[in-house]
Amino acid sequence: MSRPVGYLSLAMAVVCAGGVALVRRVGVEGSVQGIAVAFLVVKLLSLAAVGFATYGCYRILLSVYDRRTADKRRRHDAKNLFRLGFGLAGTLAALGVATEQWVGLLFSLGIVGFAVTFALQQPLFSLIGWLYIMVKRPYQVGDRVAIEDSKGDVVEVSFLVTTLWEINGDLVSSNQPSGRTITLPNSVVLSSHVKNFTQEEFPFVWNELAVQVAYETDFEFATETMRSVADDYLGDEMAARIGRYRERLDETPVELEVQDRPTVNVVQEESWVEFRLRYLAHPRRGQRVKNELYRRILAAFNEHPDRVKFPVSRNR
């Protein structure tokens, strides 16, 4: 639909330009408050031609890019870039047509821009933040991020603000959507930490599942049971993901040993022992995976009540 609208806009621009040529050739008599009607008609038609031409080129180029790019994230970013570029070009062209003083216009824009820098510092910082987001890619549409005290999925990155679908918040927990949206100024990326949980190169994070048992438990049996249950459920999938992570790691000077299967760490508490299962999962499926692992591990433990004891202290 974008391309036909673009062609129609270009056709209207040609019609307006033809109207300008016709008025200049034939002429229109009369005046309005001392201003010649022919002059007003030429200006209006010229401005209309600029507007239609700018909008038509924007829609056509955007349609061509969308057809050649299947990635929704890149299409979203391109849409904003095209809007900014054609918006600035159309505004400059319209002002130039209206004033017919191109040199004076550029000089005036320099003075106005200098004044706007002081008057609109926060919006300007947000626009700079948007350019930083487009170039450095700390996040993009579709990523799950945490910025300052806000956490959610990025649904839109406009020139001035980033919109998130909130995760957790005051209403829910366990990384579940709350149904609320959060609007953050883009300038926040210039002065705050940005945590990206689903970056394009490696959209996975390590999770931990804690199970508390009594000191009377057979530690070796409990550890091996948890590891075996997790390995059966997601071991092969995790190994494949770790392969991707190691490839990324090889591109950096960081030397780090990464386990490609689930592991179990033991933490001693005052009245019980805590077994922490460590595994890899996608952030949006983290709670689902944790629930399933917890169910399977408890079922395996309950099959051997003589080897796995649970603490009964009320201090848990």
# chains A, B, ... in the order shown; residues from 1 in each chain; ligands from 1
$ select_by_dssp --residues "range 62-196 of chain A" --states "helix (DSSP H, G or I)" --output "ChimeraX atom specification"
/A:62-68,72-99,102-119,121-136,186-190
$ residues_around --residues "Val264 in chain A" --least-positions-apart "2" --cutoff "10 Å" --atoms "only C-alpha atoms" --output "JSON, numbers by chain"
{"A": [208, 209, 210, 222, 223, 224, 225, 226, 227, 230, 262, 266, 267, 274, 275, 276, 277, 278, 279]}
$ select_by_dssp --residues "range 61-269 of chain A" --states "strand (DSSP E)" --output "number ranges by chain"
A: 144-147, 150-157, 161-167, 177-185, 194-196, 205-213, 263-268
$ atom_distance --atom1 "CA of Val135 in chain A" --atom2 "CA of Glu200 in chain A"
14.7 Å
$ residues_around --residues "Glu156 in chain A" --least-positions-apart "2" --cutoff "10 Å" --atoms "only C-alpha atoms" --output "list in words"
Arg73, His76, Asp77, Gln140, Val141, Gly142, Asp153, Val154, Ser158, Phe159, Val161, Thr162, Thr163, Leu164, Trp165 and Thr183 of chain A
$ write_last_selection --atoms "N, CA, C and O atoms" --output "short mmCIF file (atom, residue, chain, number, x, y, z; two decimals), in the first residue's frame"
data_model
loop_
_atom_site.label_atom_id
_atom_site.label_comp_id
_atom_site.auth_asym_id
_atom_site.auth_seq_id
_atom_site.Cartn_x
_atom_site.Cartn_y
_atom_site.Cartn_z
N ARG A 73 12.94 -5.52 13.14
CA ARG A 73 13.71 -4.53 13.89
C ARG A 73 14.36 -3.52 12.95
O ARG A 73 14.31 -2.31 13.19
N HIS A 76 11.81 -1.18 11.47
CA HIS A 76 11.39 -0.15 12.43
C HIS A 76 12.42 0.97 12.49
O HIS A 76 12.07 2.16 12.46
N ASP A 77 13.70 0.61 12.56
CA ASP A 77 14.76 1.62 12.62
C ASP A 77 14.82 2.44 11.33
O ASP A 77 15.00 3.66 11.36
N GLN A 140 17.40 -2.81 20.89
CA GLN A 140 16.56 -2.51 19.75
C GLN A 140 15.18 -3.09 20.01
O GLN A 140 14.95 -3.76 21.03
N VAL A 141 14.26 -2.80 19.11
CA VAL A 141 12.89 -3.27 19.29
C VAL A 141 12.86 -4.78 19.41
O VAL A 141 13.48 -5.50 18.62
N GLY A 142 12.16 -5.29 20.42
CA GLY A 142 12.06 -6.72 20.65
C GLY A 142 12.96 -7.22 21.76
O GLY A 142 12.75 -8.34 22.26
N ASP A 153 10.12 -5.29 27.80
CA ASP A 153 10.41 -5.56 26.40
C ASP A 153 10.24 -4.28 25.59
O ASP A 153 9.22 -3.60 25.70
N VAL A 154 11.25 -3.98 24.77
CA VAL A 154 11.22 -2.76 23.97
C VAL A 154 10.21 -2.93 22.83
O VAL A 154 10.33 -3.85 22.02
N SER A 158 11.39 5.73 19.45
CA SER A 158 11.13 6.90 18.62
C SER A 158 12.29 7.89 18.77
O SER A 158 13.29 7.60 19.42
N PHE A 159 12.14 9.08 18.20
CA PHE A 159 13.23 10.06 18.23
C PHE A 159 13.57 10.49 19.65
O PHE A 159 14.73 10.75 19.96
N VAL A 161 11.79 9.11 22.81
CA VAL A 161 11.52 8.19 23.93
C VAL A 161 11.58 6.73 23.48
O VAL A 161 11.43 6.42 22.30
N THR A 162 11.82 5.88 24.46
CA THR A 162 11.75 4.43 24.29
C THR A 162 10.57 3.90 25.10
O THR A 162 10.41 4.28 26.27
N THR A 163 9.76 3.05 24.50
CA THR A 163 8.59 2.50 25.18
C THR A 163 8.81 1.02 25.49
O THR A 163 9.21 0.25 24.62
N LEU A 164 8.57 0.64 26.75
CA LEU A 164 8.72 -0.74 27.20
C LEU A 164 7.38 -1.30 27.63
O LEU A 164 6.55 -0.58 28.19
N TRP A 165 7.19 -2.59 27.40
CA TRP A 165 6.12 -3.35 28.06
C TRP A 165 6.73 -3.86 29.36
O TRP A 165 7.67 -4.66 29.35
N THR A 183 7.56 4.61 29.61
CA THR A 183 8.14 5.52 28.63
C THR A 183 9.38 6.16 29.23
O THR A 183 9.31 6.81 30.28
#
$ closest_residue --among "A:Gln259, A:Val308, A:Pro185, A:His193" --to "Gln212 in chain A" --atoms "only C-alpha atoms"
A:Val308
$ residues_around --residues "range 282-295 of chain A" --least-positions-apart "5" --cutoff "7 Å" --atoms "only C-alpha atoms" --output "compact mmCIF listing (two decimals) with N, CA, C and O atoms, in the first residue's frame"
# COMPACT_ATOMS: atom_id res chain seq x y z
N SER A 174 8.41 -12.74 39.15
CA SER A 174 8.84 -13.89 38.34
C SER A 174 8.94 -13.56 36.86
O SER A 174 8.62 -14.38 36.00
N PHE A 197 18.99 -8.42 27.99
CA PHE A 197 18.89 -9.85 28.24
C PHE A 197 18.75 -10.68 26.97
O PHE A 197 18.91 -11.90 27.00
N PRO A 203 20.96 -14.36 22.63
CA PRO A 203 19.75 -14.00 23.39
C PRO A 203 19.41 -14.99 24.51
O PRO A 203 18.28 -15.47 24.61
N PHE A 204 20.38 -15.33 25.35
CA PHE A 204 20.15 -16.26 26.45
C PHE A 204 20.86 -15.76 27.71
O PHE A 204 21.82 -14.99 27.63
N VAL A 205 20.37 -16.20 28.87
CA VAL A 205 20.99 -15.83 30.14
C VAL A 205 21.06 -17.07 31.03
O VAL A 205 20.31 -18.03 30.85
N LEU A 209 18.19 -22.23 39.99
CA LEU A 209 17.05 -22.79 40.71
C LEU A 209 17.56 -23.32 42.04
O LEU A 209 18.45 -24.18 42.07
N ALA A 230 18.07 -31.97 35.00
CA ALA A 230 18.23 -30.78 34.16
C ALA A 230 18.85 -31.14 32.82
O ALA A 230 18.48 -30.59 31.77
$ closest_residue --among "A:Ala49, A:Lys43, A:Ile297, A:Tyr245" --to "Gln199 in chain A" --atoms "only C-alpha atoms"
A:Tyr245
$ residues_around --residues "Ala21 in chain A" --least-positions-apart "2" --cutoff "12 Å" --atoms "only C-alpha atoms" --output "PDB file with N, CA, C and O atoms, in the first residue's frame"
ATOM      1  N   VAL A  14       3.652  16.575  -9.340  1.00  0.00           N
ATOM      2  CA  VAL A  14       3.796  16.983 -10.743  1.00  0.00           C
ATOM      3  C   VAL A  14       2.649  17.901 -11.155  1.00  0.00           C
ATOM      4  O   VAL A  14       2.841  18.907 -11.852  1.00  0.00           O
ATOM      5  N   VAL A  15       1.423  17.575 -10.709  1.00  0.00           N
ATOM      6  CA  VAL A  15       0.266  18.418 -11.026  1.00  0.00           C
ATOM      7  C   VAL A  15       0.447  19.813 -10.448  1.00  0.00           C
ATOM      8  O   VAL A  15       0.174  20.826 -11.111  1.00  0.00           O
ATOM      9  N   CYS A  16       0.907  19.895  -9.201  1.00  0.00           N
ATOM     10  CA  CYS A  16       1.117  21.202  -8.568  1.00  0.00           C
ATOM     11  C   CYS A  16       2.201  21.993  -9.288  1.00  0.00           C
ATOM     12  O   CYS A  16       2.072  23.209  -9.491  1.00  0.00           O
ATOM     13  N   ALA A  17       3.271  21.285  -9.684  1.00  0.00           N
ATOM     14  CA  ALA A  17       4.336  21.964 -10.418  1.00  0.00           C
ATOM     15  C   ALA A  17       3.831  22.458 -11.773  1.00  0.00           C
ATOM     16  O   ALA A  17       4.171  23.567 -12.222  1.00  0.00           O
ATOM     17  N   GLY A  18       2.986  21.647 -12.419  1.00  0.00           N
ATOM     18  CA  GLY A  18       2.388  22.103 -13.673  1.00  0.00           C
ATOM     19  C   GLY A  18       1.496  23.303 -13.459  1.00  0.00           C
ATOM     20  O   GLY A  18       1.442  24.220 -14.298  1.00  0.00           O
ATOM     21  N   GLY A  19       0.771  23.335 -12.322  1.00  0.00           N
ATOM     22  CA  GLY A  19      -0.063  24.489 -12.002  1.00  0.00           C
ATOM     23  C   GLY A  19       0.769  25.743 -11.821  1.00  0.00           C
ATOM     24  O   GLY A  19       0.354  26.844 -12.224  1.00  0.00           O
ATOM     25  N   VAL A  23       0.254  29.091 -14.085  1.00  0.00           N
ATOM     26  CA  VAL A  23      -0.063  30.404 -13.504  1.00  0.00           C
ATOM     27  C   VAL A  23       0.968  31.436 -13.948  1.00  0.00           C
ATOM     28  O   VAL A  23       0.622  32.583 -14.263  1.00  0.00           O
ATOM     29  N   ARG A  24       2.237  31.048 -13.958  1.00  0.00           N
ATOM     30  CA  ARG A  24       3.269  31.988 -14.372  1.00  0.00           C
ATOM     31  C   ARG A  24       3.135  32.359 -15.851  1.00  0.00           C
ATOM     32  O   ARG A  24       3.443  33.481 -16.248  1.00  0.00           O
ATOM     33  N   ARG A  25       2.661  31.408 -16.660  1.00  0.00           N
ATOM     34  CA  ARG A  25       2.525  31.706 -18.083  1.00  0.00           C
ATOM     35  C   ARG A  25       1.264  32.509 -18.368  1.00  0.00           C
ATOM     36  O   ARG A  25       1.312  33.510 -19.102  1.00  0.00           O
ATOM     37  N   VAL A  26       0.143  32.094 -17.802  1.00  0.00           N
ATOM     38  CA  VAL A  26      -1.122  32.760 -18.089  1.00  0.00           C
ATOM     39  C   VAL A  26      -1.301  34.001 -17.231  1.00  0.00           C
ATOM     40  O   VAL A  26      -1.757  35.055 -17.691  1.00  0.00           O
ATOM     41  N   GLY A  27      -0.946  33.870 -15.926  1.00  0.00           N
ATOM     42  CA  GLY A  27      -1.117  34.984 -15.013  1.00  0.00           C
ATOM     43  C   GLY A  27      -2.524  35.018 -14.429  1.00  0.00           C
ATOM     44  O   GLY A  27      -3.490  34.572 -15.047  1.00  0.00           O
ATOM     45  N   ALA A  38      -1.595  36.022  -8.068  1.00  0.00           N
ATOM     46  CA  ALA A  38      -0.709  35.110  -8.792  1.00  0.00           C
ATOM     47  C   ALA A  38       0.464  34.684  -7.908  1.00  0.00           C
ATOM     48  O   ALA A  38       0.858  33.501  -7.890  1.00  0.00           O
ATOM     49  N   VAL A  41      -0.837  32.157  -5.276  1.00  0.00           N
ATOM     50  CA  VAL A  41      -1.141  30.856  -5.881  1.00  0.00           C
ATOM     51  C   VAL A  41       0.142  30.084  -6.183  1.00  0.00           C
ATOM     52  O   VAL A  41       0.248  28.874  -5.932  1.00  0.00           O
ATOM     53  N   VAL A  42       1.147  30.792  -6.717  1.00  0.00           N
ATOM     54  CA  VAL A  42       2.423  30.146  -7.038  1.00  0.00           C
ATOM     55  C   VAL A  42       3.086  29.595  -5.776  1.00  0.00           C
ATOM     56  O   VAL A  42       3.591  28.468  -5.742  1.00  0.00           O
ATOM     57  N   LYS A  43       3.055  30.397  -4.692  1.00  0.00           N
ATOM     58  CA  LYS A  43       3.670  29.957  -3.440  1.00  0.00           C
ATOM     59  C   LYS A  43       2.961  28.728  -2.879  1.00  0.00           C
ATOM     60  O   LYS A  43       3.595  27.756  -2.453  1.00  0.00           O
ATOM     61  N   LEU A  45       1.027  26.528  -4.437  1.00  0.00           N
ATOM     62  CA  LEU A  45       1.236  25.344  -5.284  1.00  0.00           C
ATOM     63  C   LEU A  45       2.661  24.811  -5.154  1.00  0.00           C
ATOM     64  O   LEU A  45       2.881  23.594  -5.166  1.00  0.00           O
ATOM     65  N   SER A  46       3.638  25.711  -5.015  1.00  0.00           N
ATOM     66  CA  SER A  46       5.030  25.284  -4.858  1.00  0.00           C
ATOM     67  C   SER A  46       5.222  24.528  -3.543  1.00  0.00           C
ATOM     68  O   SER A  46       5.893  23.492  -3.492  1.00  0.00           O
ATOM     69  N   ALA A  49       3.676  21.180  -3.891  1.00  0.00           N
ATOM     70  CA  ALA A  49       4.522  20.301  -4.696  1.00  0.00           C
ATOM     71  C   ALA A  49       5.668  19.735  -3.866  1.00  0.00           C
ATOM     72  O   ALA A  49       5.979  18.539  -3.946  1.00  0.00           O
TER      73      ALA A  49
END
